[in-house]
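Q: my_file-v2.txt is the file, holding compact mmCIF, C-alpha atoms and all ligand atoms:
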# COMPACT_ATOMS: atom_id res chain seq x y z
CA MET B 91 0.00 0.00 0.00
CA ASN B 92 1.30 3.48 -0.89
CA ILE B 93 0.27 6.09 1.63
CA ALA B 94 0.55 9.69 0.46
CA VAL B 95 0.73 12.59 2.87
CA ILE B 96 -1.42 15.39 1.39
CA SER B 97 -0.57 18.68 3.05
CA PRO B 98 1.95 21.47 2.63
CA ASP B 99 2.31 21.86 6.40
CA PHE B 100 2.06 18.36 7.81
CA LYS B 101 5.50 16.72 7.65
CA PHE B 102 6.80 13.80 9.70
CA SER B 103 10.44 14.05 10.79
CA GLU B 104 12.97 11.70 9.19
CA ALA B 105 13.08 9.71 12.42
CA GLY B 106 9.30 9.57 12.36
CA ILE B 107 9.21 8.18 8.82
CA LYS B 108 11.79 5.55 9.81
CA LYS B 109 9.67 4.56 12.81
CA ILE B 110 6.60 4.10 10.59
CA GLN B 111 8.54 2.10 7.96
CA ALA B 112 10.02 -0.16 10.64
CA ALA B 113 6.59 -0.86 12.14
CA ILE B 114 4.84 -1.46 8.80
CA PRO B 115 7.58 -2.40 6.29
CA SER B 116 5.17 -3.41 3.52
CA PHE B 117 3.76 0.13 3.35
CA LEU B 118 5.47 3.02 1.63
CA ILE B 119 4.66 6.34 3.22
CA ALA B 120 5.79 9.57 1.55
CA HIS B 121 4.72 13.01 0.50
CA GLU B 122 2.29 13.09 -2.43
CA GLU B 123 4.86 14.12 -5.08
CA THR B 124 6.61 10.73 -4.65
CA PHE B 125 3.73 8.81 -6.25
CA GLN B 126 1.80 8.72 -9.49
CA ASN B 127 -1.86 9.38 -8.68
CA ASP B 128 -2.93 5.81 -9.54
CA GLU B 129 -0.30 4.34 -7.18
CA VAL B 130 -1.88 5.95 -4.10
CA THR B 131 -4.14 3.63 -2.10
CA ALA B 132 -4.32 5.58 1.17
CA VAL B 133 -3.83 9.20 2.18
CA ILE B 134 -3.03 11.10 5.33
CA VAL B 135 -4.75 14.49 5.36
CA ASP B 136 -4.98 17.43 7.69
CA ASP B 137 -7.29 20.40 7.31
CA SER B 138 -5.45 22.05 4.39
CA PRO B 139 -7.65 23.14 1.47
CA ASN B 140 -7.35 21.99 -2.16
CA ARG B 141 -6.63 18.34 -1.47
CA GLN B 142 -8.44 17.19 -4.63
CA LEU B 143 -8.64 13.62 -3.42
CA ASN B 144 -10.68 12.57 -6.43
CA ARG B 145 -7.44 12.55 -8.45
CA PHE B 146 -6.54 9.20 -6.79
CA PRO B 147 -8.57 6.51 -8.61
CA ASN B 148 -7.40 3.67 -6.33
CA LEU B 149 -7.95 5.37 -2.98
CA LYS B 150 -9.23 2.88 -0.35
CA VAL B 151 -8.92 4.70 2.96
CA ILE B 152 -8.34 8.21 4.35
CA PHE B 153 -6.50 8.83 7.62
CA SER B 154 -7.37 12.25 9.02
CA VAL B 155 -5.05 13.89 11.52
CA SER B 156 -7.55 16.73 11.77
CA ALA B 157 -10.18 16.10 14.45
CA GLY B 158 -12.62 18.21 12.42
CA VAL B 159 -13.71 16.43 9.24
CA ASP B 160 -16.44 18.82 8.04
CA ASN B 161 -14.37 20.01 5.05
CA LEU B 162 -13.47 16.45 4.12
CA LEU B 163 -17.10 15.35 4.18
CA GLU B 164 -17.99 18.11 1.72
CA GLU B 165 -16.03 16.23 -0.95
CA SER B 166 -18.89 14.06 -2.19
CA SER B 167 -16.55 11.95 -4.32
CA LEU B 168 -15.32 10.41 -1.06
CA LEU B 169 -18.74 9.03 -0.10
CA ASP B 170 -17.74 5.37 -0.25
CA ILE B 171 -14.25 5.71 1.22
CA PRO B 172 -13.85 5.21 4.98
CA ILE B 173 -12.35 8.11 6.93
CA ILE B 174 -10.41 7.17 10.05
CA LYS B 175 -9.47 9.85 12.58
CA VAL B 176 -5.95 9.49 13.97
CA VAL B 177 -5.40 10.54 17.56
CA SER B 178 -2.48 12.38 19.12
CA GLN B 179 -2.11 12.48 22.89
CA ASP B 180 -0.27 15.80 22.43
CA MET B 181 -3.32 17.25 20.71
CA LEU B 182 -5.44 16.30 23.72
CA SER B 183 -2.90 17.86 26.12
CA LEU B 184 -2.72 21.06 24.08
CA MET B 185 -6.49 21.47 23.97
CA ARG B 186 -6.79 20.72 27.69
CA GLU B 187 -4.15 23.36 28.39
CA TYR B 188 -5.78 25.96 26.12
CA VAL B 189 -9.27 25.49 27.56
CA THR B 190 -8.18 25.48 31.21
CA TYR B 191 -6.00 28.56 30.64
CA GLN B 192 -8.82 30.53 29.01
CA VAL B 193 -11.36 29.46 31.64
CA ILE B 194 -9.04 30.51 34.48
CA ARG B 195 -8.24 33.77 32.67
CA LEU B 196 -11.94 34.63 32.44
CA HIS B 197 -12.84 33.35 35.90
CA ARG B 198 -10.07 35.32 37.67
CA GLY B 199 -10.66 38.52 35.70
CA PHE B 200 -7.16 38.44 34.17
CA LYS B 201 -8.63 39.73 30.91
CA GLN B 202 -9.78 42.92 32.71
CA LEU B 203 -6.41 43.22 34.47
CA GLU B 204 -4.57 43.12 31.13
CA GLN B 205 -6.74 46.04 30.01
CA LEU B 206 -6.10 47.97 33.24
CA GLN B 207 -2.36 47.54 32.84
CA LYS B 208 -2.57 49.05 29.34
CA ASN B 209 -4.01 52.19 31.02
CA SER B 210 -1.44 52.05 33.92
CA GLU B 211 -4.40 51.61 36.28
CA TRP B 212 -3.95 49.92 39.68
CA GLN B 213 -7.38 48.64 40.58
CA TRP B 214 -7.27 46.18 43.45
CA PHE B 215 -9.91 43.52 43.33
CA PRO B 216 -9.57 40.17 45.05
CA PRO B 217 -11.04 37.02 43.48
CA SER B 218 -14.77 37.31 44.06
CA ASN B 219 -15.51 33.60 44.00
CA THR B 220 -13.88 30.19 43.91
CA PRO B 221 -13.88 27.70 41.01
CA SER B 222 -16.75 25.79 42.61
CA ASP B 223 -18.91 28.93 42.24
CA CYS B 224 -18.23 28.94 38.51
CA THR B 225 -20.18 26.67 36.17
CA VAL B 226 -18.43 25.74 32.94
CA THR B 227 -20.53 24.03 30.29
CA ILE B 228 -18.64 22.13 27.64
CA LEU B 229 -20.53 21.50 24.40
CA GLY B 230 -19.14 18.24 23.01
CA LEU B 231 -17.82 15.43 25.17
CA GLY B 232 -15.64 13.78 22.53
CA GLN B 233 -11.92 13.23 22.97
CA LEU B 234 -11.17 16.96 23.31
CA GLY B 235 -14.24 17.96 25.33
CA LEU B 236 -13.72 15.10 27.76
CA VAL B 237 -10.08 15.86 28.64
CA SER B 238 -10.97 19.53 29.09
CA ALA B 239 -14.00 18.73 31.26
CA LYS B 240 -11.98 16.39 33.49
CA ALA B 241 -9.17 18.92 33.94
CA LEU B 242 -11.60 21.67 34.92
CA HIS B 243 -13.34 19.32 37.33
CA HIS B 244 -9.98 18.55 38.98
CA LEU B 245 -9.37 22.28 39.36
CA GLY B 246 -12.65 22.52 41.28
CA PHE B 247 -14.93 24.04 38.65
CA ASN B 248 -18.52 22.96 38.46
CA VAL B 249 -18.55 21.22 35.07
CA ILE B 250 -21.50 20.35 32.86
CA GLY B 251 -20.90 18.41 29.65
CA TRP B 252 -23.28 18.19 26.71
CA SER B 253 -23.26 15.55 23.98
CA LYS B 254 -25.54 13.95 21.41
CA SER B 255 -25.83 10.61 23.22
CA GLU B 256 -26.38 10.01 26.92
CA LYS B 257 -23.21 9.66 29.07
CA GLN B 258 -22.12 9.11 32.64
CA ILE B 259 -18.76 10.55 33.68
CA ASP B 260 -17.52 10.79 37.26
CA GLY B 261 -17.62 14.37 38.55
CA ILE B 262 -19.21 15.81 35.41
CA CYS B 263 -22.92 16.57 35.16
CA CYS B 264 -23.78 15.07 31.76
CA GLU B 265 -26.63 16.29 29.62
CA HIS B 266 -27.64 15.38 26.09
CA GLU B 267 -29.91 16.56 23.28
CA LEU B 268 -31.58 19.97 23.16
CA ASN B 269 -33.67 19.38 26.30
CA GLY B 270 -30.50 18.79 28.30
CA LEU B 271 -28.89 21.95 26.92
CA ASN B 272 -31.95 24.08 27.66
CA LYS B 273 -31.96 22.73 31.23
CA THR B 274 -28.39 23.77 31.96
CA ILE B 275 -27.63 26.82 29.86
CA SER B 276 -29.19 29.25 32.35
CA LYS B 277 -26.62 28.16 34.98
CA THR B 278 -23.60 28.56 32.69
CA ASP B 279 -20.95 31.15 33.53
CA ILE B 280 -18.49 30.04 30.86
CA LEU B 281 -19.56 28.17 27.73
CA VAL B 282 -16.90 26.19 25.84
CA CYS B 283 -17.72 24.90 22.36
CA LEU B 284 -15.93 21.70 21.34
CA LEU B 285 -18.55 20.39 18.94
CA PRO B 286 -17.83 19.22 15.41
CA LEU B 287 -19.33 21.37 12.66
CA THR B 288 -22.36 19.51 11.29
CA SER B 289 -25.80 20.43 9.97
CA GLU B 290 -27.04 20.22 13.59
CA THR B 291 -24.32 22.35 15.17
CA LYS B 292 -23.95 25.05 12.49
CA GLY B 293 -24.65 28.41 14.17
CA ILE B 294 -25.53 26.75 17.47
CA LEU B 295 -23.80 29.59 19.34
CA ASN B 296 -26.49 32.15 18.55
CA HIS B 297 -28.73 34.77 20.17
CA SER B 298 -31.28 32.29 21.44
CA LEU B 299 -28.55 30.43 23.39
CA PHE B 300 -26.81 33.63 24.57
CA ASP B 301 -30.12 35.10 25.78
CA LYS B 302 -30.67 32.06 28.02
CA MET B 303 -27.22 32.41 29.64
CA PRO B 304 -26.80 34.51 32.81
CA LYS B 305 -26.06 38.18 32.07
CA GLY B 306 -22.29 38.73 31.99
CA SER B 307 -21.34 35.14 31.11
CA SER B 308 -18.62 34.28 28.58
CA VAL B 309 -18.08 32.08 25.54
CA ILE B 310 -15.02 30.21 24.31
CA ASN B 311 -15.19 28.80 20.76
CA VAL B 312 -12.45 26.31 19.89
CA SER B 313 -14.40 24.07 17.56
CA ARG B 314 -15.17 25.60 14.16
CA GLY B 315 -16.05 29.15 13.14
CA GLY B 316 -19.28 27.88 11.56
CA CYS B 317 -20.65 26.87 14.98
CA LEU B 318 -20.84 30.57 15.91
CA ASN B 319 -23.20 33.25 14.62
CA GLN B 320 -20.78 36.17 14.64
CA THR B 321 -23.45 38.90 14.37
CA ASP B 322 -25.33 37.44 17.34
CA LEU B 323 -22.11 37.30 19.35
CA LEU B 324 -21.29 40.96 18.67
CA ASN B 325 -24.86 42.00 19.60
CA ALA B 326 -24.74 39.97 22.82
CA LEU B 327 -21.38 41.52 23.78
CA ASN B 328 -22.41 45.05 22.85
CA LYS B 329 -25.61 44.93 24.86
CA GLY B 330 -23.85 43.39 27.90
CA GLN B 331 -25.61 40.02 27.77
CA LEU B 332 -22.17 38.41 27.37
CA SER B 333 -19.05 39.91 28.90
CA PHE B 334 -16.26 38.16 26.95
CA ALA B 335 -15.58 35.83 24.07
CA VAL B 336 -12.44 33.87 23.28
CA LEU B 337 -12.25 32.78 19.65
CA ASP B 338 -9.67 30.41 18.16
CA VAL B 339 -11.60 29.49 15.01
CA PHE B 340 -13.33 31.53 12.31
CA THR B 341 -15.47 30.97 9.22
CA THR B 342 -12.73 32.60 7.14
CA GLU B 343 -9.15 31.82 8.14
CA PRO B 344 -6.88 33.74 8.32
CA LEU B 345 -9.33 36.20 9.89
CA PRO B 346 -9.51 39.14 7.42
CA ILE B 347 -7.58 42.22 8.54
CA ASP B 348 -10.72 44.39 8.37
CA SER B 349 -12.79 42.09 10.60
CA GLU B 350 -14.36 44.03 13.47
CA LEU B 351 -13.57 41.10 15.78
CA TRP B 352 -9.87 42.10 15.90
CA GLN B 353 -10.33 45.39 17.75
CA HIS B 354 -13.29 44.46 19.96
CA ALA B 355 -12.32 45.05 23.60
CA GLN B 356 -14.33 42.08 24.83
CA ILE B 357 -12.91 39.54 22.37
CA SER B 358 -9.65 37.61 22.57
CA ILE B 359 -8.41 36.11 19.34
CA THR B 360 -5.95 33.30 18.76
CA PRO B 361 -5.12 32.07 15.23
CA HIS B 362 -6.48 28.48 15.33
CA ILE B 363 -3.63 27.31 17.52
CA ALA B 364 -5.50 25.67 20.39
CA ALA B 365 -4.33 22.16 19.55
CA TYR B 366 -1.93 21.76 16.63
CA PRO B 367 0.70 19.24 17.76
CA HIS B 368 3.88 18.06 16.02
CA PRO B 369 3.03 15.56 13.24
CA ASP B 370 5.20 12.86 14.88
CA SER B 371 2.80 12.76 17.84
CA PHE B 372 0.25 11.01 15.57
CA ILE B 373 2.61 8.18 14.63
CA ASP B 374 1.75 5.58 17.29
CA ASP B 375 -1.96 5.81 16.60
CA LEU B 376 -1.39 6.00 12.85
CA ILE B 377 0.56 2.72 12.90
CA LEU B 378 -2.18 1.08 14.95
CA SER B 379 -4.90 2.43 12.65
CA ILE B 380 -3.09 1.23 9.52
CA LYS B 381 -2.52 -2.24 10.98
CA ASN B 382 -6.13 -2.54 12.15
CA ASN B 383 -7.44 -1.36 8.81
CA GLU B 384 -5.27 -3.94 7.04
CA VAL B 385 -6.79 -6.84 8.98
CA GLY B 386 -10.29 -5.46 8.52
CA GLU B 387 -10.73 -4.53 12.17
CA GLN B 388 -13.28 -1.79 12.84
CA ALA B 389 -11.33 1.42 13.45
CA ARG B 390 -11.79 2.99 16.86
CA ARG B 391 -12.41 6.40 15.37
CA ILE B 392 -14.10 5.84 12.06
CA VAL B 393 -16.11 8.86 10.92
CA ASN B 394 -19.86 8.31 11.00
CA LYS B 395 -20.81 10.04 7.75
CA LYS B 396 -24.52 10.14 8.66
CA ASN B 397 -23.79 12.06 11.87
CA GLY B 398 -21.15 14.18 10.14
CA TYR B 399 -18.30 13.58 12.61
P1 LIG K 1 -15.37 14.03 18.70
O1 LIG K 1 -15.90 13.56 17.40
O2 LIG K 1 -14.48 13.13 19.51
O3 LIG K 1 -16.57 14.47 19.67
C1 LIG K 1 -17.60 15.27 19.26
C2 LIG K 1 -18.54 15.48 20.46
O4 LIG K 1 -19.60 16.36 20.06
C3 LIG K 1 -19.19 14.19 20.93
O5 LIG K 1 -19.31 14.17 22.33
C4 LIG K 1 -20.58 14.27 20.29
O6 LIG K 1 -21.60 13.57 21.02
C5 LIG K 1 -20.84 15.75 20.37
N1 LIG K 1 -21.86 16.15 19.40
C6 LIG K 1 -21.81 16.06 18.06
N2 LIG K 1 -22.96 16.52 17.51
C7 LIG K 1 -23.73 16.91 18.55
C8 LIG K 1 -25.03 17.45 18.63
N3 LIG K 1 -25.78 17.69 17.55
N4 LIG K 1 -25.53 17.72 19.86
C9 LIG K 1 -24.80 17.46 20.98
N5 LIG K 1 -23.55 16.96 20.96
C10 LIG K 1 -23.02 16.68 19.74
O7 LIG K 1 -14.64 15.41 18.40
P2 LIG K 1 -13.25 15.94 18.98
O8 LIG K 1 -13.37 16.09 20.46
O9 LIG K 1 -12.15 15.15 18.42
O10 LIG K 1 -13.17 17.38 18.28
C11 LIG K 1 -14.20 18.35 18.43
C12 LIG K 1 -13.95 19.49 17.46
O11 LIG K 1 -12.87 20.30 17.90
C13 LIG K 1 -13.53 19.05 16.05
O12 LIG K 1 -14.64 18.69 15.27
C14 LIG K 1 -12.82 20.27 15.52
O13 LIG K 1 -13.74 21.07 14.81
C15 LIG K 1 -12.37 21.01 16.77
N6 LIG K 1 -10.89 21.07 16.89
C16 LIG K 1 -10.30 22.30 17.04
C17 LIG K 1 -8.93 22.41 17.16
C18 LIG K 1 -8.30 23.73 17.37
O14 LIG K 1 -7.06 23.82 17.35
N7 LIG K 1 -9.06 24.78 17.61
C19 LIG K 1 -8.06 21.22 17.08
C20 LIG K 1 -8.78 19.99 16.97
C21 LIG K 1 -10.15 19.93 16.86
P3 LIG K 1 -21.52 11.96 21.20
O15 LIG K 1 -20.40 11.73 22.20
O16 LIG K 1 -22.83 11.61 21.75
O17 LIG K 1 -21.20 11.38 19.85
Show me this structure written as C-alpha cells.
Ligand code: NDP
A:
Amino acid sequence: MNIAVISPDFKFSEAGIKKIQAAIPSFLIAHEETFQNDEVTAVIVDDSPNRQLNRFPNLKVIFSVSAGVDNLLEESSLLDIPIIKVVSQDMLSLMREYVTYQVIRLHRGFKQLEQLQKNSEWQWFPPSNTPSDCTVTILGLGQLGLVSAKALHHLGFNVIGWSKSEKQIDGICCEHELNGLNKTISKTDILVCLLPLTSETKGILNHSLFDKMPKGSSVINVSRGGCLNQTDLLNALNKGQLSFAVLDVFTTEPLPIDSELWQHAQISITPHIAAYPHPDSFIDDLILSIKNNEVGEQARRIVNKKNGY
C-alpha cells in the first residue's frame, strides 16, 4: 500500500518516517509528489484546502489527523471511502491546556487586568468567587471535550458536559440533546464549544442560546467558526448580555484584517492554535490504525458520515 501525505504543512520528521517504515515495512509512506496518482491507495490528510482527493482513482482509505472532518465530508466523491481519525495524545494535552488557561483567565478577571495595565491603572480587586462557584458548560464530550471537562473538574470548577448521546462521567454533570442543553444553559458562567461542525451544530452559538445564559457570562469557541453566529455574538457583547468571548476558530481563516472582531475590547483572538501538535505525535496511533485497517478490524475512530463527525 502506498500512503501519500497530502498537506503542505504536515511533515513527519525523518526519524518519524523511519519509525513508521520499521513498524509497517510493507507500506510506503511519503509526501504526495513521490507517487503517481494511480499508485496511491491511502492518504493522510490534515485540514489544508485543495486536497483534490478525487485525483486518486485507487484510494481505499483516508486517515485524518484533523479532528474536524467537516471540510473532508464536503467532498462528495469520497462518499464510499472510509475516513479514520488518527489521535495524538499531544493534541489532547494542548487542547486541555488551552481550555483550562482561558477558563481561568476569564474566571479570575485576568482579561480585565490586562486592560487595566494598558491604562497604567492599579485597581485592586480580590477574586470574588472560587472555582466551585463557577459553572463551565462544555458542548461536546468527545476526545477533546472530555479531557478539558476532566481537567476543569480537577481544578474545582462545576462542570456540565453536553453531547448527542447520553453519558455518565464521574464528577461531570452530563446532559444530552436539546432538552438537556436548555436545562443547563441558564446556569452557565463560561460556555466552551468543542462540537464538530455539522448540519445540527452550524450556528448553534447564537442569540437564542446567549439570551438564556446569565447576564455577563462568557463564551469560548475552539471548535469551528461555523458553529458561531458572529453577528449574534457581537450583539450579545455590545448589549452586555455576554461579557467576553475567546475565539480560536473563524469561518474565514486567516481572519480578514478588516474584521471588526480584531479590535473588539471584549474579544480575545488566537489564530487556530488551540491544539496543533507536532506531526510525529500522531505516529503511534497511525501505525495502529493502519494495521487494524489492514486486517479489517473496525477502526476505533471511524467517521460516521450520517452524523457528520
Ligand atoms: P469528537 O468527534 O471526539 O466528539 C464530538 C462530540 O460532540 C461528541 O461528544 C458528540 O456527542 C458531540 N456532538 C456532536 N454533535 C452533537 C449534537 N448535535 N448535539 C450534541 N452533541 C453533539 O470530536 P473531537 O473532540 O475530536 O473534536 C471536536 C472538534 O474540535 C472538532 O470537530 C474540531 O472542529 C475542533 N478542533 C479544534 C482544534 C483547534 O485547534 N481549535 C483542534 C482539533 C479539533 P456523542 O459523544 O454523543 O457522539
Q: Can I get the residues close to ligand LIG 1 (chain K) as an MDAnalysis selection string, where close means within 7 Å and we count only C-alpha atoms and all ligand atoms?
A: chainID B and resid 156:159 229:235 252:256 266:267 284:288 290:291 312:314 338:339 362:366 399
Q: How many Å lie between CA of Asn248 in chain B and CA of Thr278 in chain B, rounded to one decimal?
A: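 One can read the CA of Asn248 in chain B to CA of Thr278 in chain B distance as 9.5 Å.
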Q: In terms of the shortest atom-to-atom distance over all atoms listed in the file, which of B:Glu211, B:Glu104, B:Asp128, B:Asp136 is closest to Leu149 in chain B?
A: B:Asp128
Q: Provide the CA of Asn92 in chain B to CA of Pro139 in chain B distance in Å, to one decimal place.
A: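 Computing the Euclidean distance for CA of Asn92 in chain B and CA of Pro139 in chain B yields 21.7 Å.
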Q: Could you build a table of the residues in range 91-163 of chain B lying no more than 9 Å from range 375-391 of chain B, giving for each the nearest pair of atoms and their separation in Å rounded to one decimal place, using only C-alpha atoms, ordered by chain and ascending residue number, as CSV?
A:
residue,atom,partner,partner_atom,distance
B:Ile110,CA,B:Ile377,CA,6.6
B:Ala113,CA,B:Ile377,CA,7.1
B:Ile114,CA,B:Ile377,CA,7.3
B:Val151,CA,B:Asn383,CA,8.6
B:Phe153,CA,B:Leu376,CA,7.8
B:Val155,CA,B:Leu376,CA,8.8
Q: State, in Å with one decimal place, the distance from CA of Thr274 in chain B to CA of Thr225 in chain B.
A: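 Distance between the two atoms: 9.7 Å.
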Q: Which residue gives the smallest distance to Asn140 in chain B among B:Ala355, B:Val176, B:Cys283, B:Leu162, with all atoms listed in the file counted?
A: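 Smallest distance to Asn140 in chain B is found for B:Leu162.
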Q: Looking at B:Gly270, B:Ile275, B:Ile107, B:Cys264, which one is nearest to Lys240 in chain B, with distances taken over only C-alpha atoms?
A: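 Using only C-alpha atoms, Lys240 in chain B sits closest to B:Cys264.
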Q: Could you check which of B:Ser154, B:Gln202, B:Gln353, B:Gln111 is closest to Ile173 in chain B, using all atoms listed in the file?
A: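 Distance minimum relative to Ile173 in chain B lands on B:Ser154.
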Q: Determine the nearest neighbour of Pro369 in chain B from the options B:Thr341, B:Ser103, B:Gln331, B:Asn144, counting only C-alpha atoms.
A: B:Ser103
Q: For Ile152 in chain B, list every protein, DNA or RNA residue within 8 Å, evaluated using only C-alpha atoms, and leave out those in the same chain fewer than 5 positions away; present the list as a PyMOL selection string.
A: chain B and resi 132-135+171-174
Q: As a short mmCIF file (atom, residue, chain, number, x, y, z; two decimals), in the coordinates of the input, please: range 273-282 of chain B completed to all heavy atoms.
A:
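Saved to selection-v6.cif:
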data_model
loop_
_atom_site.label_atom_id
_atom_site.label_comp_id
_atom_site.auth_asym_id
_atom_site.auth_seq_id
_atom_site.Cartn_x
_atom_site.Cartn_y
_atom_site.Cartn_z
N LYS B 273 -31.88 22.86 29.77
CA LYS B 273 -31.96 22.73 31.23
C LYS B 273 -30.78 23.40 31.92
O LYS B 273 -30.89 23.93 33.01
CB LYS B 273 -31.94 21.22 31.55
CG LYS B 273 -32.94 20.82 32.60
CD LYS B 273 -33.18 19.33 32.62
CE LYS B 273 -31.97 18.51 33.09
NZ LYS B 273 -32.14 17.08 32.86
N THR B 274 -29.63 23.36 31.27
CA THR B 274 -28.39 23.77 31.96
C THR B 274 -27.84 25.13 31.55
O THR B 274 -27.06 25.72 32.27
CB THR B 274 -27.27 22.74 31.70
OG1 THR B 274 -27.10 22.67 30.30
CG2 THR B 274 -27.61 21.38 32.24
N ILE B 275 -28.29 25.62 30.40
CA ILE B 275 -27.63 26.82 29.86
C ILE B 275 -27.82 28.04 30.77
O ILE B 275 -26.94 28.90 30.86
CB ILE B 275 -28.10 27.09 28.39
CG1 ILE B 275 -27.16 28.07 27.71
CG2 ILE B 275 -29.55 27.54 28.30
CD1 ILE B 275 -25.81 27.53 27.42
N SER B 276 -28.93 28.08 31.49
CA SER B 276 -29.19 29.25 32.35
C SER B 276 -28.27 29.28 33.57
O SER B 276 -28.23 30.29 34.28
CB SER B 276 -30.65 29.25 32.79
OG SER B 276 -30.88 28.07 33.53
N LYS B 277 -27.54 28.18 33.84
CA LYS B 277 -26.62 28.16 34.98
C LYS B 277 -25.17 28.39 34.55
O LYS B 277 -24.25 28.37 35.35
CB LYS B 277 -26.64 26.77 35.66
CG LYS B 277 -27.99 26.30 36.09
CD LYS B 277 -27.84 24.86 36.64
CE LYS B 277 -29.10 24.06 36.45
NZ LYS B 277 -28.89 22.62 36.46
N THR B 278 -24.97 28.58 33.23
CA THR B 278 -23.60 28.56 32.69
C THR B 278 -22.88 29.90 32.80
O THR B 278 -23.34 30.89 32.24
CB THR B 278 -23.67 28.14 31.20
OG1 THR B 278 -24.29 26.86 31.13
CG2 THR B 278 -22.31 28.09 30.56
N ASP B 279 -21.74 29.92 33.48
CA ASP B 279 -20.95 31.15 33.53
C ASP B 279 -19.99 31.23 32.35
O ASP B 279 -19.73 32.30 31.82
CB ASP B 279 -20.15 31.21 34.84
CG ASP B 279 -21.08 31.21 36.04
OD1 ASP B 279 -21.92 32.11 36.11
OD2 ASP B 279 -21.01 30.28 36.88
N ILE B 280 -19.42 30.07 32.00
CA ILE B 280 -18.49 30.04 30.86
C ILE B 280 -18.89 28.88 29.96
O ILE B 280 -18.98 27.73 30.41
CB ILE B 280 -17.03 29.89 31.33
CG1 ILE B 280 -16.63 31.06 32.25
CG2 ILE B 280 -16.09 29.82 30.12
CD1 ILE B 280 -15.25 30.95 32.87
N LEU B 281 -19.14 29.19 28.69
CA LEU B 281 -19.56 28.17 27.73
C LEU B 281 -18.39 27.86 26.80
O LEU B 281 -17.83 28.77 26.19
CB LEU B 281 -20.74 28.71 26.91
CG LEU B 281 -21.40 27.76 25.91
CD1 LEU B 281 -22.11 26.61 26.63
CD2 LEU B 281 -22.40 28.51 25.04
N VAL B 282 -18.01 26.58 26.71
CA VAL B 282 -16.90 26.19 25.84
C VAL B 282 -17.46 25.33 24.72
O VAL B 282 -18.12 24.32 25.00
CB VAL B 282 -15.85 25.37 26.63
CG1 VAL B 282 -14.70 24.95 25.72
CG2 VAL B 282 -15.34 26.14 27.84
#
